[in-house]
Amino acid sequence: MAFFKRELSPVEIFERALKDKQAARQKLTERLAVAEKALEEKRIVAERLAKADASNAQLDRADAKMRVVEGKAKTLRAALAECDEQILLAERALLDAVAQRDRDKAANEIEAVAAAIEQAVPGFELGAAALVDAVTRSKAAMAEASRFAADVDEIRREVTSAADLICWELRSAAMRTRAGNANVALLAPPELKQLPAPEPDRQMVYTLNPLTWREGEEAKRVAAFAMIALPKGLLPAALQHQHVDYLNARRVQTLMHVHGSGQLQPPPKEDDPALVDLDALAAEAQPPQADVA
């Protein structure tokens with residue numbers, strides 16, 4: 001009958017190594033105590049012989065015995081000091097292993113949330129599609145019902161896009177957590193309503209510099225190293241001057257692992273000298289209008 005041993009985890013391996021080192025230290029401590037006691041006895045004997053005016057041969061033998069025991073005690077002290085250093089290293093390795101185990105556990109929990117969201121999305125899409133079909137299948141549907149169906153379909157698209165974003169955020173946070181490069185705020189799932197939903201005239205990109213542009217009467221400002229939905233009219237100029245890049249770009253993936261997605265970053269100030277005006281760049285890129293007058 002074959003027996004299979006369970007593979008030890010890194011924490012268990014380092015715990016066992018630490019216990020072995022501590023047991024070895026205890027044995028060295030006991031041996032050193034015996035050696036030091038014997039050294040003290042030899043020293044007392046040599047001292048008594050010297051006071052009793054013993055012969056040189058007797059003194060030499062006593063001194064030789066004392067030196068042998070003294071050498072053994074010295075060797076044990078050195079071994080004990082080396083063992084203490086090894087115990088210190090083993091304790092540090094155990095602490096690192098425990099910290100990594102806790103990070104892995106937290107990362108697994110984050111990834112489980114992302115997986116649960118992904119598994120729930122198809123059911124949501126089917127339910128939304130069934131609701132739209134129930135409203136629109138009849139040719140006699142009222143205008144209000146048609147508008148309701150359009151709203152439901154728009155919400156379905158927004159929710160699925162937001163689900164993709166939050167799953168990406170969660171998996172990025174899990175990766176940073178596993179590597180030990182995440183703060184507590186990254187471990188909390190962001191609220192769905194705070195996620196920017198992509199629009200037909202926008203493109204999700206990653207900023208490489210602080211940017212500003214206007215949308216109607218509102219001035220938009222975003223920090224560097226942030227994931228944003230940029231109006232597509234500004235995209236060519238921003239890409240040409242390398243102020244943004246696509247989310248699937250290799251350098252963007254690396255920057256996101258280092259800086260995150262920028263959800264917690266405050267917008268730059270209006271007088272920030274590093275702020276790049278995308279409206280000005282887009283205007284410069286426009287060809288001059290022909291004068292037909």
# chains A, B, ... in the order shown; residues from 1 in each chain; ligands from 1
>>> residues_around(residues="A:Gln265", least_positions_apart="3", cutoff="8 Å", atoms="only C-alpha atoms", output="PDB file with N, CA and C atoms, in the first residue's frame")
ATOM      1  N   ALA A 223      -4.899  63.387 -13.584  1.00  0.00           N
ATOM      2  CA  ALA A 223      -3.499  63.205 -13.218  1.00  0.00           C
ATOM      3  C   ALA A 223      -2.836  62.197 -14.148  1.00  0.00           C
ATOM      4  N   ALA A 226      -3.376  57.389 -14.878  1.00  0.00           N
ATOM      5  CA  ALA A 226      -4.783  57.176 -14.530  1.00  0.00           C
ATOM      6  C   ALA A 226      -5.506  56.611 -15.754  1.00  0.00           C
ATOM      7  N   GLY A 262      -5.161  55.046 -10.878  1.00  0.00           N
ATOM      8  CA  GLY A 262      -5.380  56.469 -10.635  1.00  0.00           C
ATOM      9  C   GLY A 262      -6.726  56.824 -10.059  1.00  0.00           C
TER      10      GLY A 262
END
>>> residues_around(residues="A:Ala35", least_positions_apart="5", cutoff="9 Å", atoms="only C-alpha atoms", output="mmCIF file with C-alpha atoms, in the first residue's frame")
data_model
loop_
_atom_site.group_PDB
_atom_site.id
_atom_site.type_symbol
_atom_site.label_atom_id
_atom_site.label_comp_id
_atom_site.auth_asym_id
_atom_site.auth_seq_id
_atom_site.Cartn_x
_atom_site.Cartn_y
_atom_site.Cartn_z
ATOM 1 C CA GLU A 30 23.796 22.478 27.758
ATOM 2 C CA GLU A 40 36.199 26.047 36.448
ATOM 3 C CA VAL A 69 38.729 22.050 28.400
ATOM 4 C CA GLU A 70 39.130 25.775 27.709
ATOM 5 C CA LYS A 72 36.432 22.955 23.962
ATOM 6 C CA ALA A 73 34.456 25.696 25.729
ATOM 7 C CA LEU A 76 31.194 25.656 21.833
#
>>> closest_residue(among="A:Gln286, A:Ser146, A:Ser55, A:Ser9", to="A:Leu94", atoms="only C-alpha atoms")
A:Ser9
>>> closest_residue(among="A:Lys5, A:Arg202, A:Arg92, A:Arg156", to="A:Gly123", atoms="only C-alpha atoms")
A:Arg156
>>> atom_distance(atom1="atom CA of A:Pro266", atom2="atom CA of A:Arg214")
17.8 Å
